[in-house]
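Note sheet for the following structure.
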Amino acid sequence: MSSPSGSSSDLVESKEQLVSYIESACKPAANWRIGTEHEKFAYNTKTHQRLPYEGTPGIRAVLEGLLQFGWEGVYENGNIIALLDGKGGSVTLEPGGQFELSGAPLSTIHETCSEVHTHLHQVKQVCEPMNADMVGLGFDPEWRREDITWMPKGRYKIMRDYMPTRGSHGIDMMIRTCTVQVNLDFGSEQDMIRKMRVSVALQPIATALFANSPFTEGKPNGYLSMRSACWADTDPDRCGMLPFVFDSDFGFERWVDYILDVPMYFVHRGDTYHNVAGKSFRDFMVGKLEGFEGQLPTMGDWEDHMTTAFPEVRLKKYIEMRGADAGPWGNLCALPAFWVGLLYDETALDEAEALIEGWSVEEMSALRDSVPRNALDVPFRNGTAMDVARKAVEISRNGLKRRGRISPKSGLDEQQYIEPLESIVASGTTFAQDLLEDYETKWGRKIDPIYDACRY
């Protein structure tokens with residue numbers, strides 16, 4: 001979303017550098033952009049098994065096939081692990097081979113939807129001849145941990161070993177979940193604070209609206225968003241509600257203090273990821289990191305470390321909305337539309353702040369804890385999460401309308417992209433509930449039909 005300030009090889013010699021790094025991302029509203037990311041499960045169309053890295057069909061083969069469209073390969077120890085488009089977009093791999101498009105920073109939802117469409121079309125062209133496809137769900141509906149191949153990325157080996165020491169679902173989070181998220185800009189520290197507070201408060205509502213992961217190993221799992229349930233038991237040091245966002249002293253410096261207190265995973269040098277899991281970045285900054293005594297971190301080390309905190313709203317040089325399950329094609333546009341409508345229009349942001357006014361941290365935490373199982377049916381204050389969702393979707397639609405970004409192709413503004421969420425609040429049922437209904441009726445309690453129902 002934003003270009004780093006200074007060189008990634010610059011040494012980190014003070015906390016003020018880290019604060020300035022984030023502060024340098026402030027920009028006028030005319031320059032705010034939209035970066036959409038979405039993950040999907042790649043599978044063999046004959047067996048429905050997740051694709052391994054090697055072989056055909058396989059993840060390596062899909063990445064290499066996409067090179068024909070002008071992507072540039074990124075390699076680690078001789079293995080292709082990512083793609084770059086030269087415009088700010090990339091294709092990356094999650095630990096279990098989940099295939100992720102990290103979109104370029106774009107001006108409108110129209111542009112991000114066009115980007116998604118182009119990407120999925122390219123993937124389809126590569127996958128079909130090798131009997132592969134991609135499916136949009138928040139949690140793998142069928143396969144066990146031991147059925148899934150790990151990708152050859154050094155950081156994932158370190159995380160794989162460390163995760164079970166911190167929670168029971170960290171491995172599931174790594175290899176059996178998929179999300180869609182959007183990254184948005186801010187104009188000032190105060191603008192960031194407002195957007196962070198609205199985003200943290202309403203993230204459980206987004207989780208409920210996008211709930212789409214009700215199956216585990218071929219059967220209903222008792223949740224509507226199993227993906228969200230996994231995050232609740234991954235690692236308390238780097239996940240959770242972020243109550244300090246609502247404190248009076250919250251700002252760039254308070255965020256830096258939070259990230260400094262998140263335990264490290266690794267130090268990356270060349271093609272090698274050195275395991276420093278559980279150790280302190282504060283020690284690194286004073287030359288006392290075990291194994292790196294006398295060495296100071298670089299800004300590149302800081303950028304890496306910032307990616308190892310996993311709250312559902314994350315601040316870097318932009319704000320990441322991380323609370324939604326992956327889902328059907330329309331959701332890949334609806335998620336950025338929802339948050340752009342709420343946060344990129346001043347009137348909508350005012351109305352969103354009014355919507356959450358008076359909510360306590362305890363109430364918000366309880367809402368977050370309840371939505372993975374019950375989504376929009378969760379009781380909240382004098383109503384339900386559905387009541388809040390209806391208001392939030394309405395605020396977002398009006399915000400999109402006021403933005404007035406007209407597509408030169410269709411002549412329509414961005415309101416069209418919020419329609420999948422309006423259908424949900426009108427019907428009262430999430431995608432997860434629709435899938436459960438199909439499982440009990442049309443599918444005869446078999447999971448295989450989900451691949452045809454949810455593939456891109």
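Numbering starts fresh at 1 for the residues of each chain in the structure tokens, the chains themselves are lettered A, B, ... in the order given, and ligands are numbered from 1 as they appear.
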How would you write, as a PyMOL selection string, the set of residues in range 9-223 of chain A that DSSP gives as helix (DSSP H, G or I)? chain A and resi 15-23+29-31+59-69+109-130+145-147+154-165+170-176+189-209
Selection near range 268-273 of chain A, 7 Å with only C-alpha atoms, sequence-local residues under 2 positions removed, as number ranges by chain: A: 76-77, 154-155, 266, 275
Shell of 12 Å around Leu137 in chain A, only C-alpha atoms, local chain residues under 5 positions omitted, as a VMD selection string: chain A and resid 38 to 42 98 142 176 to 180 210 to 216 224 to 227 324 to 329 331 to 332 431 to 432 435 450 to 451 453 to 456
Within 12 Å of Arg368 in chain A, counting only C-alpha atoms, which residues qualify if same-chain residues fewer than 3 places away don't, as a PyMOL selection string? chain A and resi 200-208+225+228-229+231-232+240-242+311-312+323+361-365+371-376+378-380+385
Report, in Å with one decimal, the straight-line distance from CA of Asn131 in chain A to CA of Gly103 in chain A.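 About the pair CA of Asn131 in chain A and CA of Gly103 in chain A: they are 25.9 Å apart.
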Hey, what's within 10 Å of range 352-355 of chain A if we count only C-alpha atoms and toss same-chain stuff fewer than 4 positions away? As an MDAnalysis selection string, please? chainID A and resid 194:195 197:199 201:202 342:343 346:348 359 388 391:392 395:396
For the residues in that selection, give me N, CA and C atoms as a tab-separated table (two decimals), in the first residue's frame.
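File produced: result22.tsv:
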chain	number	residue	atom	x	y	z
A	194	ARG	N	-9.15	6.66	14.77
A	194	ARG	CA	-10.59	6.52	14.52
A	194	ARG	C	-10.88	5.24	13.74
A	195	LYS	N	-10.12	5.02	12.69
A	195	LYS	CA	-10.35	3.85	11.84
A	195	LYS	C	-10.04	2.55	12.57
A	197	ARG	N	-10.29	2.01	15.81
A	197	ARG	CA	-11.33	1.73	16.81
A	197	ARG	C	-12.61	1.21	16.16
A	198	VAL	N	-13.04	1.84	15.08
A	198	VAL	CA	-14.23	1.34	14.38
A	198	VAL	C	-13.98	-0.06	13.85
A	199	SER	N	-12.80	-0.31	13.31
A	199	SER	CA	-12.49	-1.61	12.71
A	199	SER	C	-12.43	-2.72	13.75
A	201	ALA	N	-13.91	-2.72	16.69
A	201	ALA	CA	-15.25	-2.92	17.24
A	201	ALA	C	-16.15	-3.70	16.29
A	202	LEU	N	-16.07	-3.40	14.99
A	202	LEU	CA	-16.98	-4.01	14.02
A	202	LEU	C	-16.41	-5.25	13.33
A	342	LEU	N	-17.33	2.19	4.92
A	342	LEU	CA	-17.35	2.64	6.31
A	342	LEU	C	-16.25	3.64	6.64
A	343	LEU	N	-15.06	3.46	6.05
A	343	LEU	CA	-13.88	4.18	6.51
A	343	LEU	C	-13.36	5.26	5.57
A	346	GLU	N	-16.14	10.41	5.18
A	346	GLU	CA	-16.10	11.04	6.50
A	346	GLU	C	-17.44	10.93	7.22
A	347	THR	N	-18.53	11.09	6.48
A	347	THR	CA	-19.85	10.98	7.11
A	347	THR	C	-20.08	9.55	7.60
A	348	ALA	N	-19.71	8.57	6.78
A	348	ALA	CA	-19.87	7.17	7.18
A	348	ALA	C	-19.02	6.85	8.40
A	359	TRP	N	-19.89	1.17	23.56
A	359	TRP	CA	-19.57	-0.25	23.67
A	359	TRP	C	-18.35	-0.41	24.58
A	388	VAL	N	-26.90	-4.98	14.39
A	388	VAL	CA	-25.72	-4.14	14.15
A	388	VAL	C	-25.28	-4.27	12.69
A	391	LYS	N	-27.29	-2.15	10.28
A	391	LYS	CA	-26.93	-0.73	10.34
A	391	LYS	C	-25.57	-0.49	9.67
A	392	ALA	N	-24.62	-1.39	9.93
A	392	ALA	CA	-23.28	-1.22	9.37
A	392	ALA	C	-23.31	-1.33	7.84
A	395	ILE	N	-24.79	1.91	6.50
A	395	ILE	CA	-23.81	2.99	6.56
A	395	ILE	C	-22.80	2.84	5.44
A	396	SER	N	-22.33	1.62	5.22
A	396	SER	CA	-21.34	1.37	4.18
A	396	SER	C	-21.89	1.69	2.80
Using backbone DSSP assignments, extract all strand (DSSP E or B) residues from range 8-186 of chain A; output them as a ChimeraX atom specification. /A:11,34-44,50,72-76,79-84,90-93,99-102,106,132-135,139,177,179-184
Using only C-alpha atoms, please write the residues we just selected to a file, as a PDB file, in the first residue's frame.
ATOM      1  CA  LEU A  11      19.906  -0.273  11.296  1.00  0.00           C
ATOM      2  CA  ILE A  34      -7.435  -0.214  -1.648  1.00  0.00           C
ATOM      3  CA  GLY A  35      -5.390  -3.420  -1.435  1.00  0.00           C
ATOM      4  CA  THR A  36      -7.405  -6.642  -1.497  1.00  0.00           C
ATOM      5  CA  GLU A  37      -6.000 -10.036  -0.511  1.00  0.00           C
ATOM      6  CA  HIS A  38      -7.727 -13.374  -0.818  1.00  0.00           C
ATOM      7  CA  GLU A  39      -6.718 -16.963  -0.193  1.00  0.00           C
ATOM      8  CA  LYS A  40      -8.194 -20.113  -1.673  1.00  0.00           C
ATOM      9  CA  PHE A  41      -7.691 -23.864  -1.449  1.00  0.00           C
ATOM     10  CA  ALA A  42      -6.168 -25.531  -4.512  1.00  0.00           C
ATOM     11  CA  TYR A  43      -7.378 -29.089  -5.069  1.00  0.00           C
ATOM     12  CA  ASN A  44      -7.276 -32.038  -7.468  1.00  0.00           C
ATOM     13  CA  ARG A  50      -5.373 -30.514  -1.597  1.00  0.00           C
ATOM     14  CA  GLU A  72       8.100 -12.813 -12.139  1.00  0.00           C
ATOM     15  CA  GLY A  73       9.036 -15.779  -9.961  1.00  0.00           C
ATOM     16  CA  VAL A  74      10.390 -15.452  -6.418  1.00  0.00           C
ATOM     17  CA  TYR A  75      12.585 -18.344  -5.267  1.00  0.00           C
ATOM     18  CA  GLU A  76      13.809 -19.744  -1.962  1.00  0.00           C
ATOM     19  CA  ASN A  79      11.914 -23.466  -5.119  1.00  0.00           C
ATOM     20  CA  ILE A  80       9.453 -21.025  -6.644  1.00  0.00           C
ATOM     21  CA  ILE A  81       7.431 -19.714  -3.708  1.00  0.00           C
ATOM     22  CA  ALA A  82       5.789 -16.509  -4.968  1.00  0.00           C
ATOM     23  CA  LEU A  83       5.092 -14.304  -7.981  1.00  0.00           C
ATOM     24  CA  LEU A  84       5.386 -10.526  -8.520  1.00  0.00           C
ATOM     25  CA  SER A  90       1.880 -10.634  -5.775  1.00  0.00           C
ATOM     26  CA  VAL A  91       0.874 -14.265  -5.491  1.00  0.00           C
ATOM     27  CA  THR A  92       2.101 -15.974  -2.337  1.00  0.00           C
ATOM     28  CA  LEU A  93       1.674 -19.301  -0.577  1.00  0.00           C
ATOM     29  CA  PHE A  99      -3.018 -19.735  -2.889  1.00  0.00           C
ATOM     30  CA  GLU A 100      -3.107 -16.012  -2.126  1.00  0.00           C
ATOM     31  CA  LEU A 101      -3.419 -12.986  -4.377  1.00  0.00           C
ATOM     32  CA  SER A 102      -2.134  -9.850  -2.664  1.00  0.00           C
ATOM     33  CA  LEU A 106      -5.839   0.537  -6.410  1.00  0.00           C
ATOM     34  CA  ALA A 132      -6.904 -28.733 -10.635  1.00  0.00           C
ATOM     35  CA  ASP A 133      -9.187 -25.988  -9.360  1.00  0.00           C
ATOM     36  CA  MET A 134      -9.597 -23.493  -6.505  1.00  0.00           C
ATOM     37  CA  VAL A 135     -12.371 -23.331  -3.900  1.00  0.00           C
ATOM     38  CA  PHE A 139     -11.741 -23.756   6.570  1.00  0.00           C
ATOM     39  CA  THR A 177      -7.857 -21.748   6.867  1.00  0.00           C
ATOM     40  CA  THR A 179      -9.417 -15.487   4.428  1.00  0.00           C
ATOM     41  CA  VAL A 180     -10.246 -12.425   2.380  1.00  0.00           C
ATOM     42  CA  GLN A 181      -8.982  -9.088   3.652  1.00  0.00           C
ATOM     43  CA  VAL A 182      -8.536  -5.466   2.639  1.00  0.00           C
ATOM     44  CA  ASN A 183      -5.745  -3.027   3.404  1.00  0.00           C
ATOM     45  CA  LEU A 184      -6.635   0.661   3.753  1.00  0.00           C
TER      46      LEU A 184
END
Pick the closest to Phe246 in chain A from A:Thr298, A:Ser360, A:Thr429, A:Thr234: which is it, counting only C-alpha atoms? A:Ser360
Which residue, A:Asp261, A:Asp304, A:Glu128, A:Asp233, has the smallest gap to Asp283 in chain A when you use only C-alpha atoms?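 Among the listed residues, the smallest separation from Asp283 in chain A belongs to A:Asp261.
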Of the candidates A:Cys333, A:Ala309, A:Lys46, A:Cys26, which one gets nearest to Gln416 in chain A if we count only C-alpha atoms?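 Of A:Cys333, A:Ala309, A:Lys46, A:Cys26, the one nearest Gln416 in chain A is A:Cys333, counting only C-alpha atoms.
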Residue with smallest distance to Gly97 in chain A - pool A:Met163, A:Ala366, A:Val126, A:Met174, counting only C-alpha atoms: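 Going through A:Met163, A:Ala366, A:Val126, A:Met174 one by one, the smallest distance to Gly97 in chain A is for A:Met174.
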Contacts of Asp10 in chain A at 10 Å (only C-alpha atoms; same-chain gap of 4+ positions) as number ranges by chain: A: 6, 296-301
Take the residues that were just selected and, keeping C-alpha atoms, output them as a PDB file, in the first residue's frame.
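What follows is the written file result.pdb:
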ATOM      1  CA  GLY A   6      14.354   4.695   4.045  1.00  0.00           C
ATOM      2  CA  LEU A 296      21.359  -4.639  15.687  1.00  0.00           C
ATOM      3  CA  PRO A 297      18.222  -5.310  13.633  1.00  0.00           C
ATOM      4  CA  THR A 298      17.595  -3.662  10.284  1.00  0.00           C
ATOM      5  CA  MET A 299      14.388  -2.002   9.184  1.00  0.00           C
ATOM      6  CA  GLY A 300      13.860  -5.148   7.102  1.00  0.00           C
ATOM      7  CA  ASP A 301      13.897  -7.188  10.317  1.00  0.00           C
TER       8      ASP A 301
END
Near-Glu115 in chain A list (9 Å; only C-alpha atoms; drop same-chain fewer than 5 positions) as a VMD selection string: chain A and resid 103 to 104 110 120
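If only C-alpha atoms are the atoms counted, then among A:Gly291, A:Ser427, A:Lys219, A:Glu303 the closest residue to Pro141 in chain A is A:Lys219.
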Computed gap from CA of Lys27 in chain A to CA of Arg282 in chain A is 29.1 Å
Of the residues A:Thr108, A:Asn221, A:Gln433, A:Gln415, which is the one nearest to Ala30 in chain A, using only C-alpha atoms? A:Thr108
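When CA of Val425 in chain A is paired with CA of Leu335 in chain A, their separation reads 14.6 Å.
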